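Student: Let me begin by handing over the structure; questions about it come next.
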Amino acid sequence: MELKQMPPSDETENIGSQSKQPGDAVTRVDQNWKRSLTESISSEAFSKWYQNRQFAKNIRNGTPYFNGPSSVKSPRRHSPSQLLQCQRKIVYNQLNAPEESANPEGIFWFGNRFEKDIIMPFLQDLIADSNTYVCNSLWVDFTINTERGELRIKGETDPVVVDAEAQPLLPLEIKTKRSIDGLTKPNRHHKAQIHAYMRGLTKKHDYEVTDAIVLYGSRTNLDVTSFHVEFDPIFWEEVVLEWAESHTSYRLSDDLPPADPEYAWECNVCSYRHRCGQSSEPYADISPYGLLPEYTGYPQEKVRKYLEAHDGAVLTPTLAQQYPELASQHPVAKWQCVSCDAQFLWDEPDWDGDQSAPPLCPKCANNGTPAPLRSPQPDEQYQPQEADQDE
Ligand code: SF4
């Protein structure tokens, strides 16, 4: 709805004095306009505005690829931020499985602003007299020879304290949590992440980076705590690289890793809980391909990204009913009769979208033997094709 200052109408009220006084910026406001504005401030309107804003920002920043699905990375490539997390979750993520919930944009936004607006100035003031500087971030991109062949680790650090020659002295990893009460050590995967940066910076620069800091900020009260991390070659080789090797093996063999999260909380915030089998939905151990036909919680944007990521992927009839806009842009699988095997277009049967009462097969109904229609299961929707693998 377009909102503009509307001319006074019969419903116009005077605010303050009865007549306009010199110096009053606005003395009369149209009641209809106020109602329109109030109704326009909705969750849907805000969500659409935010998505459009992010889309434009990515183009402005020269990172339009963030607006589409991620390219499928080589099985040998690892991102520091994914190390030591649930192997299955990372495989789902890397192969663009359909995500079941929206991104925690508030957490991303807070983390970003916390680092830029609070921690960076804080660090700059802290080191002001030390002839050192704070660099926003540095890239690491290095390879390691392992028993399972060469692995590559590529990623971007958080702020790094550097010397006057821009040699890295002390990388930091900045994280936010709802609360930092009771934190006594860094999370193991954050320790792994900062180890990857220390090792990468050492390989890239003529300087042994042996120390780092993991800093946590509270999203509730802005409390901060930090932990000094010393490079530990045993942790690096026996824990971090072992995880990376095993992940590469799962990817190379096309095996779905076991549902074995590194941390119990991972499942609660995982965007693949339903296909994994950690929910009340009737699914478990589903491959990264195909939509769950009985799951209705997919956000539209995530379904769109999934369809764009996979040549040959189709929308299920149930999701086509839920998101007709997507159905007009992407192929839709047909309903299938559980009894006579007849197939019908997604909008052919008369159905109100109630998942607990699937549409009936018109053919069987005519024969006096009503039978339900069903959506194809994930493994019937699409066969994965050879993916382009981005090194
Ligand atoms: S639900 Fe848990 S076990 Fe399953 S992929 Fe997610 S984090 Fe891993």
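Ordered as shown in the structure tokens, chains take letters A, B, and onward, while each chain numbers its residues from 1 and ligands are numbered from 1 in the order shown.
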Would you pick out the contacts of Thr176 of chain A at 10 Å or less, using only C-alpha atoms, so that residues sharing its chain but fewer than 3 positions from it are not included, and give the list as a list in words?

Tutor: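 My list of contacting residues is Ile107, Phe108, Phe110, Gly111, Asn112, Phe114, Glu115, Ser179, Ile180, Leu215, Tyr216, Gly217, Ser218, Arg219, Thr220, Leu222, Asp223 and Val224 of chain A.
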
Student: Give the strand (DSSP E) residues of segment 39-158 of chain A, as DSSP finds them on the backbone, and put them as a VMD selection string.

Tutor: chain A and resid 72 to 73 77 to 78 133 to 135 139 to 146 149 to 156

Student: Could you tell me how far atom CA of Glu301 of chain A lies from atom CA of His330 of chain A, in Å and to one decimal?

Tutor: 13.4 Å

Student: Please report, as a Markdown table, each residue of chain A lying at most 8 Å from ligand 1, together with the nearest pair of atoms and the separation in Å rounded to one decimal; use only C-alpha atoms and all ligand atoms, and order rows by chain and ascending residue number.

Tutor:
```
| residue | atom | partner | partner_atom_place_in_ligand_line | distance |
| --- | --- | --- | --- | --- |
| A:Gln85 | CA | ligand 1 | 7 (S) | 7.9 |
| A:Cys86 | CA | ligand 1 | 8 (Fe) | 4.8 |
| A:Gln87 | CA | ligand 1 | 8 (Fe) | 6.8 |
| A:Arg88 | CA | ligand 1 | 5 (S) | 4.7 |
| A:Lys89 | CA | ligand 1 | 5 (S) | 3.8 |
| A:Ile90 | CA | ligand 1 | 5 (S) | 7.5 |
| A:Tyr92 | CA | ligand 1 | 5 (S) | 7.3 |
| A:Pro258 | CA | ligand 1 | 3 (S) | 7.3 |
| A:Ala259 | CA | ligand 1 | 3 (S) | 3.8 |
| A:Asp260 | CA | ligand 1 | 3 (S) | 4.9 |
| A:Pro261 | CA | ligand 1 | 8 (Fe) | 4.8 |
| A:Glu262 | CA | ligand 1 | 7 (S) | 7.9 |
| A:Tyr263 | CA | ligand 1 | 7 (S) | 8.0 |
| A:Ala264 | CA | ligand 1 | 2 (Fe) | 7.6 |
| A:Trp265 | CA | ligand 1 | 7 (S) | 7.9 |
| A:Glu266 | CA | ligand 1 | 7 (S) | 4.5 |
| A:Cys267 | CA | ligand 1 | 2 (Fe) | 3.5 |
| A:Asn268 | CA | ligand 1 | 1 (S) | 7.1 |
| A:Val269 | CA | ligand 1 | 7 (S) | 7.6 |
| A:Cys270 | CA | ligand 1 | 6 (Fe) | 4.6 |
| A:Ser271 | CA | ligand 1 | 6 (Fe) | 6.7 |
| A:Tyr272 | CA | ligand 1 | 6 (Fe) | 5.3 |
| A:Arg273 | CA | ligand 1 | 1 (S) | 3.8 |
| A:His274 | CA | ligand 1 | 1 (S) | 7.2 |
| A:Arg275 | CA | ligand 1 | 4 (Fe) | 7.9 |
| A:Cys276 | CA | ligand 1 | 4 (Fe) | 4.6 |
| A:Gly277 | CA | ligand 1 | 4 (Fe) | 6.7 |
| A:Gln278 | CA | ligand 1 | 1 (S) | 5.3 |
```

Student: Using the selection just defined, write its residues with C-alpha atoms as a compact mmCIF listing (two decimals), in the first residue's frame.

Tutor:
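Generated output (part-v3.txt):
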```txt
# COMPACT_ATOMS: atom_id res chain seq x y z
CA GLN A 85 29.56 -29.19 14.07
CA CYS A 86 27.10 -32.00 13.34
CA GLN A 87 28.45 -33.75 10.24
CA ARG A 88 24.96 -34.48 8.94
CA LYS A 89 23.81 -30.87 9.34
CA ILE A 90 26.86 -29.60 7.45
CA TYR A 92 22.63 -30.96 4.34
CA PRO A 258 24.81 -40.36 11.28
CA ALA A 259 22.48 -38.13 13.28
CA ASP A 260 25.16 -37.49 15.83
CA PRO A 261 25.41 -33.81 16.77
CA GLU A 262 28.55 -32.57 18.43
CA TYR A 263 26.35 -30.67 20.92
CA ALA A 264 22.85 -31.54 22.16
CA TRP A 265 21.58 -28.01 21.47
CA GLU A 266 22.39 -28.28 17.77
CA CYS A 267 19.20 -30.24 17.04
CA ASN A 268 16.99 -27.62 18.72
CA VAL A 269 18.15 -24.91 16.34
CA CYS A 270 18.82 -27.11 13.32
CA SER A 271 17.08 -26.21 10.09
CA TYR A 272 16.91 -29.86 8.98
CA ARG A 273 15.36 -31.47 12.09
CA HIS A 274 12.35 -32.86 10.28
CA ARG A 275 14.16 -34.58 7.43
CA CYS A 276 16.82 -35.77 9.88
CA GLY A 277 14.25 -37.43 12.15
CA GLN A 278 14.54 -35.26 15.27
```

Student: Taking 3 positions as the minimum chain separation for residues in the same chain, which residues sit within 8 Å of Thr318 of chain A when counting only C-alpha atoms? Answer as a PDB file with N, CA and C atoms, in the first residue's frame.

Tutor:
```
ATOM      1  N   PRO A 293       6.749 -33.887   1.830  1.00  0.00           N
ATOM      2  CA  PRO A 293       5.408 -33.481   1.394  1.00  0.00           C
ATOM      3  C   PRO A 293       4.445 -33.165   2.528  1.00  0.00           C
ATOM      4  N   GLU A 294       4.652 -33.752   3.704  1.00  0.00           N
ATOM      5  CA  GLU A 294       3.698 -33.483   4.779  1.00  0.00           C
ATOM      6  C   GLU A 294       4.163 -32.380   5.728  1.00  0.00           C
ATOM      7  N   GLN A 321       0.015 -25.693  -3.369  1.00  0.00           N
ATOM      8  CA  GLN A 321      -1.230 -25.152  -2.815  1.00  0.00           C
ATOM      9  C   GLN A 321      -0.918 -24.013  -1.841  1.00  0.00           C
ATOM     10  N   GLN A 322       0.177 -24.203  -1.070  1.00  0.00           N
ATOM     11  CA  GLN A 322       0.555 -23.208  -0.056  1.00  0.00           C
ATOM     12  C   GLN A 322       1.185 -21.969  -0.698  1.00  0.00           C
ATOM     13  N   TRP A 346      -1.540 -30.579  -9.731  1.00  0.00           N
ATOM     14  CA  TRP A 346      -1.629 -30.148  -8.327  1.00  0.00           C
ATOM     15  C   TRP A 346      -2.935 -29.425  -8.015  1.00  0.00           C
ATOM     16  N   GLY A 353      -6.533 -27.747   1.270  1.00  0.00           N
ATOM     17  CA  GLY A 353      -5.183 -27.608   1.832  1.00  0.00           C
ATOM     18  C   GLY A 353      -5.043 -28.217   3.220  1.00  0.00           C
ATOM     19  N   SER A 375       1.258 -36.963  -2.209  1.00  0.00           N
ATOM     20  CA  SER A 375       2.380 -36.263  -2.852  1.00  0.00           C
ATOM     21  C   SER A 375       3.528 -37.234  -2.994  1.00  0.00           C
TER      22      SER A 375
END
```

Student: Tell me which of A:Gly200, A:Gly290, A:Pro372, A:Pro299 sits closest to Asn96 of chain A, counting only C-alpha atoms.

Tutor: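 Once distances to Asn96 of chain A are computed over only C-alpha atoms, the minimum belongs to A:Gly290.
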
Student: For atom CA of Lys116 of chain A and atom CA of Ser226 of chain A, determine how far apart the two atoms are, in Å to one decimal place.

Tutor: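 Interatomic distance, atom CA of Lys116 of chain A to atom CA of Ser226 of chain A: 17.0 Å.
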
Student: At most 8 Å is the cut-off: for each residue in segment 49-121 of chain A with any atom that close to an atom of segment 309-313 of chain A, write down the nearest atom pair and the distance in Å rounded to one decimal, counting only C-alpha atoms, chain first then increasing number, as a tab-separated table.

Tutor:
```
residue	atom	partner	partner_atom	distance
A:Gly68	CA	A:Ala309	CA	7.9
A:Pro69	CA	A:Ala309	CA	5.4
A:Ser70	CA	A:Ala309	CA	7.5
A:Ser71	CA	A:Ala309	CA	7.9
A:Asn96	CA	A:Ala309	CA	6.7
```

Student: Give me, please, the distance in Å between atom CA of Ser36 of chain A and atom CA of Gln54 of chain A, quoted to one decimal.

Tutor: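 Here the two named atoms are 25.3 Å from each other.
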
Student: So that I can check the surroundings of Pro358 of chain A, please list as a list in words every protein, DNA and RNA residue that reaches within 10 Å of it, counting only C-alpha atoms and ignoring chain neighbours fewer than 6 positions away.

Tutor: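 Residues meeting the cut-off are Thr318, Pro349, Asp350, Trp351, Asp352, Ala371, Pro372, Leu373, Arg374 and Ser375 of chain A.
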
Student: Which residues come within 12 Å of Cys340 of chain A, counting only C-alpha atoms, excluding same-chain residues fewer than 5 positions away, as a list in words?

Tutor: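 Once the nearby chain positions are removed, what remains is Trp335, Leu360, Cys361, Pro362, Lys363, Cys364, Ala365, Asn367, Thr369, Pro370, Ala371, Pro372, Leu373 and Arg374 of chain A.
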